[in-house]
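Coordinates as given in target-v4.csv (CSV, C-alpha atoms):
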```csv
chain,number,residue,atom,x,y,z
A,1,TYR,CA,36.2,31.3,58.6
A,2,LEU,CA,37.6,29.6,55.5
A,3,GLU,CA,35.5,27.2,53.5
A,4,SER,CA,36.4,24.6,50.9
A,5,ALA,CA,34.3,22.1,49.1
A,6,ASP,CA,34.0,19.8,52.2
A,7,ASN,CA,35.6,21.6,55.1
A,8,ILE,CA,35.2,24.8,57.1
A,9,VAL,CA,38.1,26.1,59.2
A,10,THR,CA,37.7,28.7,61.9
A,11,TRP,CA,39.9,29.7,64.7
A,12,CYS,CA,40.1,31.0,68.3
A,13,TYR,CA,42.3,33.9,69.1
A,14,GLY,CA,42.9,33.1,72.7
A,15,HIS,CA,39.9,32.3,74.9
A,16,LEU,CA,36.6,33.3,73.5
A,17,LEU,CA,34.7,32.6,76.7
A,18,LYS,CA,35.2,33.8,80.3
A,19,SER,CA,33.6,32.8,83.6
A,20,ILE,CA,30.5,34.8,84.4
A,21,GLU,CA,30.7,37.3,87.3
A,22,PRO,CA,30.3,35.9,90.9
A,23,GLU,CA,27.0,37.6,91.4
A,24,ALA,CA,25.6,35.7,88.5
A,25,TYR,CA,26.4,32.5,90.4
A,26,ASN,CA,24.8,33.9,93.6
A,27,PRO,CA,23.2,37.3,93.9
A,28,ASP,CA,24.5,37.6,97.4
A,29,TYR,CA,28.1,37.9,96.0
A,30,ALA,CA,27.3,41.4,94.7
A,31,GLN,CA,28.2,42.6,98.2
A,32,TRP,CA,31.7,41.7,99.3
A,33,LYS,CA,31.3,39.9,102.7
A,34,ALA,CA,33.8,37.7,104.5
A,35,GLU,CA,31.1,35.1,105.4
A,36,ASP,CA,30.7,34.3,101.7
A,37,LEU,CA,34.3,33.3,101.3
A,38,PRO,CA,35.6,31.2,99.7
A,39,LEU,CA,33.3,32.0,96.7
A,40,GLN,CA,31.4,28.9,95.4
A,41,LEU,CA,32.1,29.3,91.6
A,42,TYR,CA,32.2,25.7,90.5
A,43,PRO,CA,31.2,24.3,88.1
A,44,LEU,CA,32.4,27.2,86.0
A,45,ARG,CA,29.7,29.0,83.9
A,46,TYR,CA,30.8,30.9,80.8
A,47,GLU,CA,29.8,33.8,78.6
A,48,PRO,CA,31.5,35.3,75.5
A,49,ILE,CA,34.4,37.7,76.2
A,50,ALA,CA,33.4,41.4,75.5
A,51,GLY,CA,34.6,42.4,72.1
A,52,LYS,CA,34.7,38.8,70.8
A,53,GLU,CA,31.0,38.1,70.8
A,54,ALA,CA,30.5,38.1,67.0
A,55,HIS,CA,33.4,35.7,66.3
A,56,THR,CA,32.4,33.5,69.3
A,57,GLN,CA,28.9,33.2,67.8
A,58,THR,CA,30.3,32.3,64.4
A,59,VAL,CA,32.4,29.5,66.0
A,60,ILE,CA,29.3,28.3,67.9
A,61,ASN,CA,27.2,28.3,64.8
A,62,LEU,CA,29.8,26.3,62.9
A,63,ILE,CA,30.1,23.8,65.8
A,64,LYS,CA,26.3,23.3,65.6
A,65,LYS,CA,26.4,22.9,61.8
A,66,ALA,CA,29.3,20.4,61.7
A,67,ASP,CA,29.0,16.7,61.4
A,68,VAL,CA,32.5,16.1,62.8
A,69,ILE,CA,34.7,18.6,64.6
A,70,VAL,CA,38.4,18.6,64.3
A,71,HIS,CA,40.0,20.2,67.4
A,72,ALA,CA,43.2,21.8,66.2
A,73,GLY,CA,44.0,23.8,69.3
A,74,ASP,CA,47.6,24.1,70.4
A,75,PRO,CA,49.0,20.7,71.6
A,76,ASP,CA,49.2,21.8,75.3
A,77,ASP,CA,46.9,22.1,78.3
A,78,GLU,CA,45.7,25.6,77.4
A,79,GLY,CA,45.1,24.7,73.8
A,80,GLN,CA,43.0,21.8,74.8
A,81,LEU,CA,41.1,23.9,77.3
A,82,LEU,CA,40.1,26.8,75.1
A,83,VAL,CA,38.5,24.6,72.4
A,84,GLU,CA,37.0,22.1,74.9
A,85,GLU,CA,35.3,24.9,76.8
A,86,LEU,CA,33.6,26.0,73.6
A,87,LEU,CA,32.5,22.5,72.9
A,88,GLU,CA,31.1,22.2,76.4
A,89,TYR,CA,29.4,25.6,76.2
A,90,THR,CA,27.6,24.6,73.0
A,91,GLY,CA,26.6,21.2,74.4
A,92,ASN,CA,28.3,19.5,71.6
A,93,SER,CA,27.7,15.7,71.3
A,94,LYS,CA,29.1,15.2,67.8
A,95,PRO,CA,32.3,13.3,67.2
A,96,VAL,CA,35.5,15.2,67.9
A,97,LYS,CA,38.9,14.4,66.3
A,98,ARG,CA,42.2,15.8,67.6
A,99,LEU,CA,44.8,17.3,65.3
A,100,LEU,CA,48.2,17.7,66.8
A,101,ILE,CA,50.6,20.0,65.0
A,102,ASN,CA,54.0,20.9,66.5
A,103,ASP,CA,55.6,21.9,63.2
A,104,ASN,CA,53.9,24.2,60.6
A,105,THR,CA,55.8,22.9,57.6
A,106,ASP,CA,53.6,21.6,54.8
A,107,ALA,CA,54.9,18.0,55.2
A,108,ALA,CA,54.3,18.0,59.0
A,109,VAL,CA,50.8,19.5,58.7
A,110,LYS,CA,49.8,17.0,55.9
A,111,LYS,CA,51.2,14.1,58.1
A,112,ALA,CA,49.2,15.3,61.1
A,113,LEU,CA,46.0,15.7,59.1
A,114,SER,CA,46.4,12.1,58.0
A,115,GLN,CA,46.8,10.9,61.6
A,116,LEU,CA,43.7,12.5,63.3
A,117,LYS,CA,43.1,11.0,66.7
A,118,ASP,CA,39.9,10.6,68.7
A,119,ASN,CA,39.7,13.5,71.1
A,120,HIS,CA,38.4,11.4,74.1
A,121,PRO,CA,41.9,10.4,75.4
A,122,PHE,CA,42.7,14.2,75.7
A,123,LYS,CA,39.9,14.8,78.1
A,124,GLY,CA,42.3,14.3,81.0
A,125,ILE,CA,44.4,17.2,79.8
A,126,TYR,CA,41.3,19.3,79.5
A,127,ARG,CA,40.2,18.4,83.0
A,128,LYS,CA,43.6,19.3,84.4
A,129,ALA,CA,43.6,22.7,82.7
A,130,LEU,CA,40.0,23.3,83.8
A,131,ALA,CA,40.9,22.4,87.4
A,132,ARG,CA,43.8,24.9,87.2
A,133,ALA,CA,41.6,27.6,85.7
A,134,ALA,CA,38.8,27.0,88.2
A,135,GLY,CA,41.3,27.0,91.1
A,136,ASP,CA,42.9,30.2,89.8
A,137,LEU,CA,39.6,31.9,89.5
A,138,ILE,CA,38.2,30.9,92.9
A,139,TYR,CA,41.5,31.6,94.7
A,140,GLY,CA,42.0,34.9,92.9
A,141,MET,CA,38.5,36.2,93.4
A,142,SER,CA,38.2,34.9,97.0
A,143,MET,CA,41.6,36.2,98.1
A,144,THR,CA,41.1,39.5,96.4
A,145,ARG,CA,37.8,40.0,98.3
A,146,ALA,CA,39.4,38.8,101.6
A,147,TYR,CA,42.3,41.2,101.4
A,148,THR,CA,40.1,44.1,100.2
A,149,ILE,CA,37.6,43.5,103.0
A,150,GLU,CA,40.4,43.7,105.6
A,151,GLY,CA,42.0,46.7,103.8
A,152,ARG,CA,38.7,48.6,103.9
A,153,LYS,CA,38.4,48.0,107.6
A,154,LYS,CA,41.7,50.0,107.9
A,155,GLY,CA,40.5,52.8,105.5
A,156,TYR,CA,41.9,51.5,102.2
A,157,ARG,CA,39.6,52.5,99.4
A,158,GLY,CA,40.9,50.5,96.4
A,159,VAL,CA,40.9,46.8,95.5
A,160,LEU,CA,43.8,44.6,96.7
A,161,SER,CA,44.1,42.2,93.8
A,162,VAL,CA,45.5,38.8,94.6
A,163,GLY,CA,46.4,36.0,92.2
A,164,ARG,CA,48.3,32.7,92.1
A,165,ILE,CA,50.9,34.1,89.7
A,166,GLN,CA,50.6,37.9,90.0
A,167,THR,CA,51.1,38.0,93.8
A,168,PRO,CA,54.4,36.0,94.0
A,169,ILE,CA,55.8,37.9,91.0
A,170,LEU,CA,54.8,41.2,92.6
A,171,GLY,CA,56.5,40.0,95.8
A,172,LEU,CA,59.7,39.3,93.9
A,173,ILE,CA,59.6,42.8,92.3
A,174,VAL,CA,59.0,44.6,95.6
A,175,ARG,CA,61.7,42.6,97.4
A,176,ARG,CA,64.2,43.5,94.6
A,177,TYR,CA,63.1,47.2,94.7
A,178,LEU,CA,63.6,47.3,98.5
A,179,ALA,CA,67.0,45.7,98.3
A,180,ASN,CA,68.0,48.3,95.8
A,181,GLN,CA,66.9,51.1,98.1
A,182,SER,CA,69.8,50.4,100.5
A,183,HIS,CA,72.3,49.7,97.8
A,184,THR,CA,75.7,51.3,98.2
A,185,SER,CA,78.2,51.4,95.3
A,186,SER,CA,81.0,48.9,95.4
A,187,PHE,CA,83.5,47.7,92.9
A,188,TYR,CA,83.5,44.5,91.1
A,189,TYR,CA,86.0,42.3,89.3
A,190,GLN,CA,85.8,41.5,85.6
A,191,LEU,CA,87.0,38.0,84.7
A,192,ILE,CA,88.8,37.6,81.4
A,193,GLY,CA,90.1,34.2,80.3
A,194,ASP,CA,91.1,32.1,77.4
```

Could the structure of this file be written out as structure tokens, please?
Amino acid sequence: YLESADNIVTWCYGHLLKSIEPEAYNPDYAQWKAEDLPLQLYPLRYEPIAGKEAHTQTVINLIKKADVIVHAGDPDDEGQLLVEELLEYTGNSKPVKRLLINDNTDAAVKKALSQLKDNHPFKGIYRKALARAAGDLIYGMSMTRAYTIEGRKKGYRGVLSVGRIQTPILGLIVRRYLANQSHTSSFYYQLIGD
């Protein structure tokens, strides 16, 4: 962190927290069983991400030490989420101001610093991002288990990973790959114009 006479500035490099493993929510989840699906993983519970524990603890200590917190996360859903989840994790009840910077020029940053807003009106953005994160987690883990359980019944030994984003993207790639398998060469026209 950086410290001046009256301020301390620290940063997050991506998320510093992750959801705990399913078996920490419920010990029965250690065994992958269809009757446990969908997994009940809400409200989300967090722990520091491996390899980021020391910095996460530094940020937590600074939150606890502060009189007022200035949330300077990116001005989007994910930026709101990754700072808010730390504030929730620490049980913060101190005032939080929101700094919105879209332009990193000196003039724009100084202007934004002079126009700090109360963070409370941004709670809706946080809740929206949290709902998406929780939905992604529950969907991904539950569907991964569902497909893997079915795959194992047919002798598959690995894990069949399913995700809200990764699965459709993988589908597009496979569809394109298969289309290229039956490709025959053909000619094409070049258009040239003025």

Selection: 8 Å around Pro48 in chain A, only C-alpha atoms, excl. self and same-chain fewer than 6 positions, as a list in words: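 Returned residues: Leu16, Leu17, Lys18 and Thr56 of chain A.
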
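Residues in contact with range 25-30 of chain A at up to 9 Å, not including ones fewer than 2 positions away on its chain and judged by all atoms listed in the file, are Ile20, Glu21, Pro22, Glu23, Trp32, Lys33, Asp36, Leu39, Gln40, Leu41, Tyr42 and Arg45 of chain A.
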
For Arg145 in chain A, please output as a PDB file with C-alpha atoms, keeping the file's coordinate frame all residues within 10 Å (counting all atoms listed in the file; exclusion window: fewer than 4 positions along the same chain).
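And here's around_12.pdb as it stands now:
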```pdb
ATOM      1  CA  GLN A  31      28.200  42.600  98.200  1.00  0.00           C
ATOM      2  CA  TRP A  32      31.700  41.700  99.300  1.00  0.00           C
ATOM      3  CA  LYS A  33      31.300  39.900 102.700  1.00  0.00           C
ATOM      4  CA  ALA A  34      33.800  37.700 104.500  1.00  0.00           C
ATOM      5  CA  ASP A  36      30.700  34.300 101.700  1.00  0.00           C
ATOM      6  CA  LEU A  37      34.300  33.300 101.300  1.00  0.00           C
ATOM      7  CA  PRO A  38      35.600  31.200  99.700  1.00  0.00           C
ATOM      8  CA  LEU A  39      33.300  32.000  96.700  1.00  0.00           C
ATOM      9  CA  TYR A 139      41.500  31.600  94.700  1.00  0.00           C
ATOM     10  CA  GLY A 140      42.000  34.900  92.900  1.00  0.00           C
ATOM     11  CA  MET A 141      38.500  36.200  93.400  1.00  0.00           C
ATOM     12  CA  ILE A 149      37.600  43.500 103.000  1.00  0.00           C
ATOM     13  CA  GLU A 150      40.400  43.700 105.600  1.00  0.00           C
ATOM     14  CA  GLY A 151      42.000  46.700 103.800  1.00  0.00           C
ATOM     15  CA  VAL A 159      40.900  46.800  95.500  1.00  0.00           C
ATOM     16  CA  LEU A 160      43.800  44.600  96.700  1.00  0.00           C
ATOM     17  CA  SER A 161      44.100  42.200  93.800  1.00  0.00           C
ATOM     18  CA  VAL A 162      45.500  38.800  94.600  1.00  0.00           C
TER      19      VAL A 162
END
```

Which residues, written as a ChimeraX atom specification, have at least one atom at most 10 Å from Ala131 in chain A, with only C-alpha atoms counted and residues fewer than 6 positions away on the same chain left out? /A:42-44,125,137

Kindly export the residues of the current selection with C-alpha atoms, as a PDB file, keeping the file's coordinate frame.
```pdb
ATOM      1  CA  TYR A  42      32.200  25.700  90.500  1.00  0.00           C
ATOM      2  CA  PRO A  43      31.200  24.300  88.100  1.00  0.00           C
ATOM      3  CA  LEU A  44      32.400  27.200  86.000  1.00  0.00           C
ATOM      4  CA  ILE A 125      44.400  17.200  79.800  1.00  0.00           C
ATOM      5  CA  LEU A 137      39.600  31.900  89.500  1.00  0.00           C
TER       6      LEU A 137
END
```

Using only C-alpha atoms, which protein or nucleic acid residues come within 8 Å of Arg98 in chain A? Drop anything in the same chain fewer than 4 positions from it, and give the result as a VMD selection string. chain A and resid 70 to 72 116 to 119

Quick one: what's the axis-aligned box for range 164-183 of chain A, all listed atoms, 8 Å on every side, centre and edges in Å to one decimal, as lines of an AutoDock Vina configuration file?
```
center_x = 60.3
center_y = 41.9
center_z = 95.1
size_x = 40.0
size_y = 34.4
size_z = 26.8
```

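Here CA of Val96 in chain A and CA of Asp76 in chain A stand 16.9 Å from one another.
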